[in-house]
file target.csv (CSV, C-alpha atoms)
chain,number,residue,atom,x,y,z
A,1,MET,CA,6.1,48.4,-190.9
A,2,GLU,CA,4.1,45.4,-192.2
A,3,LYS,CA,3.6,41.9,-190.7
A,4,ALA,CA,4.5,38.9,-192.9
A,5,ASN,CA,4.1,35.3,-191.7
A,6,GLY,CA,3.8,36.5,-188.2
A,7,CYS,CA,7.0,38.5,-188.4
A,8,ILE,CA,7.6,42.2,-188.5
A,9,SER,CA,9.5,43.3,-191.7
A,10,ARG,CA,11.6,46.4,-191.3
A,11,PRO,CA,12.3,48.7,-194.1
A,12,SER,CA,15.8,48.2,-195.7
A,13,ARG,CA,18.4,50.7,-194.7
A,14,LYS,CA,19.8,50.5,-198.2
A,15,ARG,CA,17.7,52.6,-200.4
A,16,LYS,CA,17.7,52.2,-204.1
A,17,LEU,CA,18.7,55.5,-205.7
A,18,PRO,CA,16.5,56.9,-208.4
A,19,GLN,CA,17.8,56.5,-212.0
A,20,GLU,CA,19.2,60.1,-212.0
A,21,GLY,CA,21.3,59.3,-209.0
A,22,ASN,CA,22.8,56.3,-210.7
A,23,ASP,CA,23.7,58.4,-213.7
A,24,LEU,CA,25.7,60.7,-211.4
A,25,LEU,CA,27.7,57.8,-210.1
A,26,ASN,CA,28.6,56.8,-213.6
A,27,PHE,CA,29.9,60.3,-214.4
A,28,THR,CA,33.6,60.5,-215.4
A,29,LEU,CA,36.0,63.4,-215.9
A,30,ASP,CA,36.2,62.4,-219.6
A,31,GLU,CA,32.8,63.9,-220.0
A,32,LEU,CA,34.0,67.4,-218.9
A,33,SER,CA,34.9,70.0,-221.5
A,34,ASP,CA,38.6,71.0,-221.7
A,35,ASP,CA,37.8,74.2,-219.9
A,36,LEU,CA,36.1,72.5,-217.0
A,37,LEU,CA,38.7,69.8,-216.8
A,38,GLU,CA,41.4,72.4,-216.5
A,39,ARG,CA,39.6,74.1,-213.7
A,40,VAL,CA,39.1,70.8,-211.8
A,41,LEU,CA,42.7,69.7,-212.2
A,42,SER,CA,44.1,73.1,-211.2
A,43,TRP,CA,42.8,72.6,-207.7
A,44,LEU,CA,44.9,69.4,-207.2
A,45,PRO,CA,48.1,69.6,-205.1
A,46,THR,CA,51.1,70.6,-207.2
A,47,SER,CA,52.8,67.3,-206.5
A,48,THR,CA,50.2,65.5,-208.6
A,49,PHE,CA,51.1,67.6,-211.7
A,50,PHE,CA,54.2,65.4,-212.1
A,51,ARG,CA,52.0,62.4,-212.7
A,52,PHE,CA,49.7,63.9,-215.3
A,53,ASN,CA,51.8,62.5,-218.1
A,54,SER,CA,51.2,59.0,-217.0
A,55,VAL,CA,47.4,59.2,-216.7
A,56,CYS,CA,46.3,59.6,-220.3
A,57,LYS,CA,47.1,61.6,-223.4
A,58,ARG,CA,44.4,64.2,-222.6
A,59,TRP,CA,45.8,65.0,-219.2
A,60,LYS,CA,49.3,65.2,-220.6
A,61,SER,CA,48.0,67.7,-223.2
A,62,VAL,CA,46.2,69.7,-220.4
A,63,ALA,CA,49.4,69.9,-218.3
A,64,ALA,CA,51.2,71.5,-221.2
A,65,SER,CA,48.6,74.0,-222.2
A,66,GLU,CA,48.7,77.7,-221.5
A,67,SER,CA,45.1,77.8,-220.6
A,68,PHE,CA,45.7,75.3,-217.8
A,69,LYS,CA,48.5,77.5,-216.4
A,70,LEU,CA,46.1,80.4,-216.5
A,71,ALA,CA,43.6,78.3,-214.5
A,72,CYS,CA,46.3,77.5,-212.0
A,73,SER,CA,47.1,81.2,-211.6
A,74,ARG,CA,43.5,81.7,-210.3
A,75,ILE,CA,44.0,79.5,-207.3
A,76,PRO,CA,44.4,82.0,-204.5
A,77,SER,CA,47.2,80.3,-202.6
A,78,ARG,CA,49.0,76.9,-202.3
A,79,GLU,CA,50.6,75.3,-199.2
A,80,PRO,CA,54.3,76.3,-199.2
A,81,TRP,CA,57.2,74.1,-200.2
A,82,PHE,CA,60.6,74.7,-198.4
A,83,PHE,CA,63.5,74.7,-200.7
A,84,MET,CA,66.4,73.2,-198.8
A,85,VAL,CA,70.0,74.2,-199.0
A,86,ASP,CA,72.6,71.4,-198.5
A,87,PRO,CA,76.4,71.9,-198.1
A,88,ASN,CA,77.0,70.9,-201.7
A,89,LEU,CA,74.6,73.5,-203.0
A,90,ASN,CA,73.9,71.5,-206.1
A,91,GLN,CA,70.6,69.7,-205.4
A,92,SER,CA,67.0,70.7,-205.4
A,93,VAL,CA,65.3,69.1,-202.4
A,94,VAL,CA,62.1,70.5,-201.0
A,95,PHE,CA,59.8,69.7,-198.0
A,96,ASP,CA,56.2,69.7,-199.0
A,97,SER,CA,54.3,71.2,-196.1
A,98,ALA,CA,50.9,70.0,-197.5
A,99,GLU,CA,51.9,66.3,-197.7
A,100,ARG,CA,54.6,66.6,-195.0
A,101,SER,CA,57.1,64.7,-197.2
A,102,TRP,CA,60.4,65.3,-198.8
A,103,LYS,CA,60.8,65.6,-202.6
A,104,LYS,CA,63.8,65.8,-204.9
A,105,LEU,CA,63.4,68.0,-207.9
A,106,SER,CA,65.4,68.2,-211.1
A,107,HIS,CA,68.2,70.8,-210.7
A,108,PRO,CA,67.9,73.6,-213.4
A,109,PRO,CA,70.4,72.8,-216.2
A,110,LEU,CA,71.5,76.4,-216.4
A,111,LEU,CA,72.7,76.2,-212.7
A,112,SER,CA,74.6,72.9,-213.4
A,113,GLN,CA,77.0,74.6,-215.9
A,114,ASN,CA,80.6,74.9,-214.7
A,115,CYS,CA,80.4,78.7,-214.3
A,116,ASN,CA,77.2,78.5,-212.3
A,117,CYS,CA,77.6,75.3,-210.3
A,118,ASN,CA,78.5,77.2,-207.2
A,119,SER,CA,75.3,79.3,-207.3
A,120,ILE,CA,73.4,79.5,-204.0
A,121,PRO,CA,69.8,80.4,-203.4
A,122,VAL,CA,69.5,83.9,-201.8
A,123,ALA,CA,65.8,84.9,-202.1
A,124,ALA,CA,62.4,83.6,-203.0
A,125,ALA,CA,58.9,85.0,-203.7
A,126,GLY,CA,55.7,83.6,-205.1
A,127,GLY,CA,56.7,80.5,-207.1
A,128,LEU,CA,60.2,81.6,-207.8
A,129,VAL,CA,63.7,81.2,-206.2
A,130,CYS,CA,66.6,83.5,-206.9
A,131,PHE,CA,70.2,82.2,-207.1
A,132,ARG,CA,73.5,84.1,-207.0
A,133,ASN,CA,76.9,82.8,-208.2
A,134,MET,CA,80.4,83.7,-206.9
A,135,SER,CA,80.7,86.3,-209.7
A,136,GLY,CA,77.7,88.2,-208.4
A,137,ASP,CA,75.4,87.1,-211.3
A,138,TYR,CA,71.7,86.4,-210.5
A,139,PHE,CA,69.4,83.7,-211.8
A,140,VAL,CA,65.7,83.3,-211.3
A,141,CYS,CA,64.1,79.8,-211.6
A,142,ASN,CA,60.9,78.0,-211.0
A,143,PRO,CA,61.9,74.9,-209.0
A,144,VAL,CA,58.8,73.0,-210.0
A,145,THR,CA,59.2,73.3,-213.8
A,146,GLY,CA,63.0,73.8,-213.9
A,147,SER,CA,62.7,76.9,-216.0
A,148,CYS,CA,65.5,79.3,-215.3
A,149,ARG,CA,67.0,82.5,-216.7
A,150,GLU,CA,70.0,84.8,-216.0
A,151,LEU,CA,69.3,88.4,-215.1
A,152,PRO,CA,71.1,91.2,-216.8
A,153,PRO,CA,74.4,92.0,-215.0
A,154,VAL,CA,74.5,94.5,-212.2
A,155,ASN,CA,76.6,97.6,-212.5
A,156,PRO,CA,80.2,96.6,-211.8
A,157,ASP,CA,80.5,99.5,-209.4
A,158,SER,CA,78.0,97.8,-207.1
A,159,HIS,CA,80.5,94.9,-206.5
A,160,HIS,CA,82.8,97.2,-204.6
A,161,ARG,CA,80.2,98.0,-201.9
A,162,SER,CA,79.2,95.7,-199.0
A,163,LEU,CA,76.0,93.8,-199.8
A,164,HIS,CA,73.7,93.5,-196.8
A,165,ALA,CA,70.4,92.2,-198.1
A,166,ILE,CA,68.8,90.5,-201.1
A,167,ALA,CA,65.0,90.5,-201.1
A,168,MET,CA,62.5,89.5,-203.7
A,169,ASN,CA,58.8,90.2,-204.3
A,170,ALA,CA,56.4,88.6,-206.8
A,171,TYR,CA,53.5,90.6,-208.1
A,172,SER,CA,52.1,88.1,-210.7
A,173,ASN,CA,53.2,84.5,-211.1
A,174,TYR,CA,51.5,84.0,-214.5
A,175,HIS,CA,52.9,87.1,-216.1
A,176,GLY,CA,56.3,86.8,-214.5
A,177,SER,CA,56.2,90.1,-212.8
A,178,TYR,CA,58.7,90.4,-209.9
A,179,LYS,CA,61.4,92.6,-208.5
A,180,LEU,CA,64.7,91.9,-206.9
A,181,PHE,CA,66.1,94.3,-204.3
A,182,LEU,CA,69.7,94.7,-203.3
A,183,VAL,CA,70.7,96.8,-200.2
A,184,SER,CA,74.3,97.7,-200.0
A,185,GLY,CA,76.8,100.3,-198.6
A,186,ASP,CA,78.4,100.9,-195.2
A,187,LEU,CA,76.2,102.0,-192.4
A,188,PRO,CA,75.0,104.7,-192.1
A,189,LYS,CA,75.5,105.2,-195.9
A,190,LEU,CA,73.0,102.8,-197.4
A,191,SER,CA,71.6,102.5,-200.9
A,192,TYR,CA,69.4,100.1,-202.8
A,193,LYS,CA,69.0,98.9,-206.4
A,194,VAL,CA,66.0,97.2,-208.0
A,195,TYR,CA,65.7,94.7,-210.9
A,196,ASN,CA,62.3,95.1,-212.5
A,197,SER,CA,61.3,92.0,-214.6
A,198,SER,CA,58.6,93.9,-216.5
A,199,ALA,CA,61.3,96.2,-218.0
A,200,ASP,CA,64.0,93.5,-217.8
A,201,CYS,CA,66.6,95.9,-216.4
A,202,TRP,CA,68.1,97.3,-213.2
A,203,GLU,CA,66.8,100.6,-212.1
A,204,GLU,CA,69.0,103.5,-211.0
A,205,GLU,CA,70.5,103.2,-207.5
A,206,ILE,CA,68.8,105.2,-204.8
A,207,MET,CA,70.4,106.4,-201.6
A,208,LEU,CA,68.6,105.9,-198.2
A,209,ARG,CA,68.7,108.5,-195.5
A,210,ARG,CA,68.5,107.7,-191.9
A,211,LYS,CA,65.1,108.2,-190.3
A,212,THR,CA,65.2,111.2,-188.0
A,213,ASP,CA,63.1,109.6,-185.2
A,214,ASP,CA,65.2,106.4,-185.1
A,215,CYS,CA,64.2,104.9,-181.8
A,216,THR,CA,67.7,103.5,-180.9
A,217,GLY,CA,69.6,106.8,-180.9
A,218,PHE,CA,72.6,104.7,-181.9
A,219,GLU,CA,75.4,106.3,-183.8
A,220,PHE,CA,76.8,104.0,-186.5
A,221,ASP,CA,80.6,103.7,-186.7
A,222,SER,CA,81.7,101.5,-189.6
A,223,ASN,CA,85.2,101.2,-188.1
A,224,ASP,CA,84.1,99.9,-184.7
A,225,ASP,CA,83.7,96.1,-184.6
A,226,ASP,CA,83.7,95.8,-180.8
A,227,ASP,CA,80.0,95.2,-180.6
A,228,ALA,CA,80.2,92.0,-182.6
A,229,VAL,CA,82.7,90.1,-180.3
A,230,TYR,CA,80.2,87.6,-178.9
A,231,PHE,CA,77.6,87.8,-181.5
A,232,LEU,CA,76.4,84.7,-183.4
A,233,SER,CA,74.6,86.0,-186.5
A,234,LYS,CA,72.3,84.2,-188.8
A,235,ALA,CA,75.2,83.8,-191.2
A,236,GLY,CA,77.1,82.0,-188.5
A,237,ASN,CA,79.6,84.7,-187.6
A,238,VAL,CA,81.0,83.8,-184.2
A,239,VAL,CA,83.4,85.9,-182.0
A,240,ALA,CA,84.1,88.5,-184.7
A,241,THR,CA,85.4,85.9,-187.2
A,242,ASN,CA,84.3,85.5,-190.8
A,243,MET,CA,83.3,81.8,-190.4
A,244,GLN,CA,80.0,81.2,-192.1
A,245,ARG,CA,78.0,78.1,-191.5
A,246,SER,CA,75.2,79.1,-193.9
A,247,PRO,CA,76.5,81.1,-196.9
A,248,SER,CA,73.0,81.1,-198.5
A,249,LYS,CA,71.7,83.2,-195.6
A,250,GLN,CA,74.5,85.8,-195.7
A,251,PHE,CA,72.4,88.3,-197.7
A,252,SER,CA,69.0,87.1,-196.7
A,253,SER,CA,66.3,89.5,-195.6
A,254,VAL,CA,62.5,89.8,-195.6
A,255,ILE,CA,60.2,92.3,-197.3
A,256,THR,CA,56.8,93.4,-196.1
A,257,HIS,CA,54.0,95.6,-197.4
A,258,LYS,CA,52.6,98.0,-194.9
A,259,ASP,CA,50.2,100.8,-195.7
A,260,GLY,CA,51.3,100.8,-199.3
A,261,GLU,CA,55.0,100.9,-198.3
A,262,GLU,CA,57.7,98.3,-199.2
A,263,ILE,CA,60.1,97.7,-196.3
A,264,VAL,CA,63.2,95.4,-196.3
A,265,TYR,CA,64.5,94.1,-193.0
A,266,PHE,CA,68.0,92.6,-192.5
A,267,LEU,CA,70.4,92.0,-189.6
A,268,SER,CA,73.4,94.2,-189.2
A,269,SER,CA,76.8,92.7,-188.4
A,270,SER,CA,76.3,93.5,-184.7
A,271,GLY,CA,72.9,91.7,-184.6
A,272,THR,CA,70.4,94.6,-184.7
A,273,VAL,CA,67.4,94.7,-187.1
A,274,VAL,CA,67.7,97.4,-189.8
A,275,ALA,CA,64.5,98.4,-191.5
A,276,CYS,CA,64.8,100.0,-195.0
A,277,ASN,CA,61.7,101.8,-196.2
A,278,LEU,CA,62.1,101.7,-199.9
A,279,THR,CA,59.0,103.8,-200.5
A,280,GLN,CA,60.0,106.7,-198.2
A,281,LYS,CA,63.7,106.1,-199.0
A,282,HIS,CA,64.9,106.0,-195.4
A,283,PHE,CA,66.2,103.4,-192.9
A,284,SER,CA,66.1,102.9,-189.1
A,285,GLU,CA,67.5,100.5,-186.6
A,286,TYR,CA,65.5,98.6,-184.0
A,287,PRO,CA,66.6,98.3,-180.4
A,288,ARG,CA,68.5,95.1,-179.4
A,289,LEU,CA,66.6,92.2,-177.9
A,290,LEU,CA,69.6,91.1,-175.8
A,291,PRO,CA,72.8,92.8,-174.6
A,292,VAL,CA,75.6,92.4,-177.1
A,293,PHE,CA,77.9,90.5,-174.7
A,294,LEU,CA,75.5,87.5,-174.7
A,295,GLU,CA,76.0,84.8,-177.3
A,296,TYR,CA,72.9,84.0,-179.3
A,297,SER,CA,71.6,83.2,-182.8
A,298,ILE,CA,69.0,85.3,-184.5
A,299,ASP,CA,67.1,85.5,-187.7
A,300,VAL,CA,64.3,87.6,-189.2
A,301,VAL,CA,61.2,86.2,-190.9
A,302,GLU,CA,58.0,87.4,-192.6
A,303,CYS,CA,54.6,86.0,-191.5
A,304,LYS,CA,51.3,87.3,-192.7
A,305,GLY,CA,52.8,90.5,-193.9
A,306,GLU,CA,54.8,91.5,-190.8
A,307,MET,CA,58.4,91.1,-189.7
A,308,LEU,CA,59.2,88.8,-186.8
A,309,VAL,CA,62.4,87.8,-185.1
A,310,VAL,CA,63.4,84.3,-184.0
A,311,MET,CA,66.1,84.0,-181.4
A,312,LEU,CA,67.9,81.2,-179.7
A,313,SER,CA,69.6,82.2,-176.5
A,314,GLU,CA,71.0,80.5,-173.4
A,315,PHE,CA,70.2,81.3,-169.8
A,316,PHE,CA,70.6,79.4,-166.5
A,317,GLU,CA,72.1,76.3,-168.2
A,318,SER,CA,69.3,75.9,-170.7
A,319,ALA,CA,68.5,77.1,-174.2
A,320,SER,CA,65.3,78.8,-175.4
A,321,ILE,CA,63.9,79.6,-178.8
A,322,ARG,CA,61.4,82.5,-178.9
A,323,VAL,CA,59.5,84.5,-181.5
A,324,TRP,CA,59.3,88.3,-181.1
A,325,ARG,CA,57.2,91.1,-182.6
A,326,PHE,CA,58.2,94.7,-182.5
A,327,ASP,CA,55.5,97.2,-181.3
A,328,GLU,CA,55.9,100.4,-183.3
A,329,LYS,CA,53.9,102.4,-180.8
A,330,THR,CA,55.8,101.5,-177.6
A,331,LYS,CA,59.1,100.8,-179.4
A,332,THR,CA,59.5,97.5,-177.6
A,333,TRP,CA,59.8,93.8,-178.4
A,334,ASN,CA,56.9,91.5,-177.3
A,335,GLN,CA,57.2,87.7,-177.3
A,336,ILE,CA,54.4,85.9,-179.2
A,337,ALA,CA,55.6,82.3,-179.2
A,338,GLY,CA,58.2,80.1,-177.5
A,339,MET,CA,59.5,76.5,-177.9
A,340,PRO,CA,58.7,74.3,-174.9
A,341,PRO,CA,61.7,74.0,-172.6
A,342,SER,CA,61.6,70.2,-173.0
A,343,MET,CA,62.4,70.6,-176.7
A,344,SER,CA,64.8,73.6,-176.6
A,345,HIS,CA,67.0,72.2,-173.8
A,346,GLU,CA,68.6,69.8,-176.3
A,347,PHE,CA,70.4,72.8,-178.0
A,348,TYR,CA,72.1,74.1,-174.8
A,349,GLY,CA,75.9,74.4,-175.1
A,350,LYS,CA,76.1,73.2,-178.7
A,351,LYS,CA,76.7,76.5,-180.5
A,352,VAL,CA,73.6,76.0,-182.6
A,353,ASP,CA,72.9,78.4,-185.5
A,354,ILE,CA,69.3,79.0,-186.5
A,355,ASN,CA,68.2,79.9,-190.0
A,356,CYS,CA,64.5,80.6,-190.3
A,357,LEU,CA,61.8,81.4,-192.9
A,358,GLY,CA,58.2,82.3,-192.6
A,359,ALA,CA,55.1,81.2,-194.6
A,360,GLY,CA,51.7,82.3,-193.5
A,361,ASN,CA,51.3,81.3,-189.8
A,362,GLN,CA,54.3,78.9,-190.0
A,363,ILE,CA,57.9,79.4,-189.2
A,364,PHE,CA,60.4,76.7,-190.5
A,365,ILE,CA,63.6,76.6,-188.4
A,366,CYS,CA,66.8,74.9,-189.4
A,367,LEU,CA,69.1,74.3,-186.4
A,368,SER,CA,72.7,73.2,-187.2
A,369,SER,CA,76.0,72.9,-185.4
A,370,ALA,CA,79.0,70.5,-185.4
A,371,GLU,CA,76.9,68.2,-183.2
A,372,LEU,CA,73.4,68.2,-184.6
A,373,CYS,CA,71.2,69.1,-187.5
A,374,SER,CA,67.4,69.4,-186.9
A,375,TYR,CA,64.3,71.1,-188.4
A,376,VAL,CA,61.3,72.4,-186.6
A,377,ARG,CA,58.0,73.9,-187.6
A,378,CYS,CA,56.2,76.4,-185.4
A,379,ASP,CA,52.6,77.7,-185.7
A,380,ILE,CA,52.7,81.2,-184.2
A,381,VAL,CA,48.9,81.2,-183.7
A,382,THR,CA,48.7,78.0,-181.7
A,383,ASN,CA,52.3,78.0,-180.4
A,384,GLU,CA,52.6,74.4,-181.6
A,385,TRP,CA,56.1,73.2,-182.2
A,386,VAL,CA,56.7,70.1,-184.3
A,387,GLU,CA,59.9,68.4,-185.3
A,388,VAL,CA,60.2,67.7,-189.0
A,389,PRO,CA,61.4,64.1,-189.9
A,390,LYS,CA,64.9,63.6,-191.3
A,391,CYS,CA,65.3,63.6,-195.0
A,392,CYS,CA,67.0,60.4,-196.3
A,393,LEU,CA,68.2,60.1,-199.9
A,394,ASN,CA,69.8,56.9,-201.2
A,395,GLY,CA,69.8,55.6,-197.6
A,396,GLU,CA,71.7,58.5,-196.1
A,397,ALA,CA,70.4,61.3,-193.9
A,398,MET,CA,70.7,64.8,-195.6
A,399,GLU,CA,71.8,67.8,-193.5
A,400,PHE,CA,70.5,71.1,-194.7
A,401,MET,CA,71.8,74.5,-193.4
A,402,SER,CA,68.9,76.7,-194.4
A,403,ALA,CA,65.8,76.9,-196.5
A,404,PHE,CA,63.6,79.3,-198.6
A,405,SER,CA,59.9,79.3,-198.8
A,406,PHE,CA,58.0,79.4,-202.1
A,407,GLU,CA,54.6,78.5,-203.5
A,408,PRO,CA,54.8,75.5,-205.8
A,409,ARG,CA,53.2,77.0,-208.9
A,410,ILE,CA,53.7,75.5,-212.4
A,411,GLU,CA,52.5,78.8,-213.9
A,412,ALA,CA,55.2,80.9,-212.3
A,413,SER,CA,57.1,82.5,-215.2
A,414,VAL,CA,60.7,83.6,-215.0
call {"tool": "encode", "arguments": {"input": "target.csv", "output": "C-alpha cells"}}
result
Amino acid sequence: MEKANGCISRPSRKRKLPQEGNDLLNFTLDELSDDLLERVLSWLPTSTFFRFNSVCKRWKSVAASESFKLACSRIPSREPWFFMVDPNLNQSVVFDSAERSWKKLSHPPLLSQNCNCNSIPVAAAGGLVCFRNMSGDYFVCNPVTGSCRELPPVNPDSHHRSLHAIAMNAYSNYHGSYKLFLVSGDLPKLSYKVYNSSADCWEEEIMLRRKTDDCTGFEFDSNDDDDAVYFLSKAGNVVATNMQRSPSKQFSSVITHKDGEEIVYFLSSSGTVVACNLTQKHFSEYPRLLPVFLEYSIDVVECKGEMLVVMLSEFFESASIRVWRFDEKTKTWNQIAGMPPSMSHEFYGKKVDINCLGAGNQIFICLSSAELCSYVRCDIVTNEWVEVPKCCLNGEAMEFMSAFSFEPRIEASV
C-alpha cells in the first residue's frame, strides 16, 4: 500500500487481465473446426437439438451430419425421458427428467396411418420405443427424430398362443443393433421368440423348461383361475375380470443382464413374478409378496441392472407403496424403499392401479383410478419421493395411464 495526499490507497480488486486472457474472452465457437464443434454440441441436452436449425446454417448442417451422430453416440448416457401413454394412444408426450418439464413430440407418420393408428407402445430400450398394433405387427421408432420402421411379421402360429411378455434390449444405438423378445405359451409350457435387428429376422422359437430348484414349489394349473379372484394386476385386471385400465402394460416386462445371462421378468395372471432365463433356457417363479386374497397392485421394474417390484397395498385403513428386492440366497423379499405414509394415504380405498418403470436409480410411477391420476418419482438410493407436476396441453390437464423410459438419442437408428 502507498500513501498519497495523506491517504492510504488500496490496490484495486479488479485486476486487469493480461492480453492473452482477453483473447480467450473473445473466443467464439465459430473458430472451432467442424470436428471440435460436433464434439462440443454433442454434450448439450437433447432438447437443445431441436433449436439447432434456428441458430445458424453451420449448426443446422452439423445437426444433419452423420459425423455429429457418431459424436453423440460416444456420450456414455443421457438423462431419461419418459414416453407417456394417454387414453387416445395417438400422441407422443414425454417428461424430460433432466429439465423436469413436459414436451410434445411429432408422432411418427407411419403410426398415424389408418391401419396403425391403434398402435400402442409395449417396450423400450436405449433410444428406441417399440409399438404393437391390434393385428400383432411391431414397429420400432426413435421418438426424438420420428424415424420409424415396421418389423417383419411374426409367424402366424404365434398369434394363437397367449402372449405374456414383450421385452427389448439395445446393444448399439448408432448401428441400430437391438433385439425384441416375445414370451408366450400357457404356464408351465413357455417359449420365447427373438427378433434380431442385425439379421432383420425372427429367430427360431425356443422352448423354456421349468428350473428344477424353483423356490416356490408351486404346481401350475392353467385351468385354475381361483388364485386371481382378488388380484389387481399391473394391467388392471380386477376380481378375475378382463377389464384393463392400461392396455400398453398388458405385455410389459423387464430384462436384465446378470453374469452374462439375459433374464426376462413378467407378472403371471395370479400376480407372481416369473423369471425367464433366456441364456439357460429355463424359467422359475418367485414367491408371493402378499397372500392372494389381499387386493393390491403390483409392477416390475429394472434399476441398475436388477429387477425390483413396486407394490401398492392397503392395511389398517391406509395405503402404502413400497419397493422390494428379491434375495436369491435367502429366497426372500426385502424392502428397499417406501413412500411416506403422508403421501400414500391419499390412495386408500380408491382402487388405484400402478404402472411403473425404472431408469438408473429412479422409478417413475403412474397412479390412476376413476378418481385420480397422479405421477411420482422415487429415488431408491435416498428414498426421496417427489410428485411430478401435471401435464397441461392446450389448457387441459392430460391423464396418462403408463409410461416407458428411453434415452433421448438422435443417433439411435431403427
call {"tool": "atom_distance", "arguments": {"input": "target.csv", "atom1": "CA of Pro291 in chain A", "atom2": "CA of Leu267 in chain A"}}
result
15.2 Å
call {"tool": "closest_residue", "arguments": {"input": "target.csv", "among": "A:Val254, A:Val310, A:Leu357, A:Ala403", "to": "Ile298 in chain A", "atoms": "only C-alpha atoms"}}
result
A:Val310
call {"tool": "closest_residue", "arguments": {"input": "target.csv", "among": "A:Ala319, A:Ala63, A:Val300, A:Lys104", "to": "Thr48 in chain A", "atoms": "all atoms listed in the file"}}
result
A:Ala63
call {"tool": "residues_around", "arguments": {"input": "target.csv", "residues": "Ser106 in chain A", "least_positions_apart": "3", "cutoff": "8 Å", "atoms": "only C-alpha atoms", "output": "list in words"}}
result
Gln91, Ser92, Pro143 and Gly146 of chain A
call {"tool": "residues_near_point", "arguments": {"input": "target.csv", "point": "(53.8, 90.6, -211.9)", "cutoff": "10 Å", "atoms": "all atoms listed in the file", "output": "PyMOL selection string"}}
result
chain A and resi 126+169-179+196-198+412-413
call {"tool": "atom_distance", "arguments": {"input": "target.csv", "atom1": "CA of Asn361 in chain A", "atom2": "CA of Ser402 in chain A"}}
result
18.8 Å
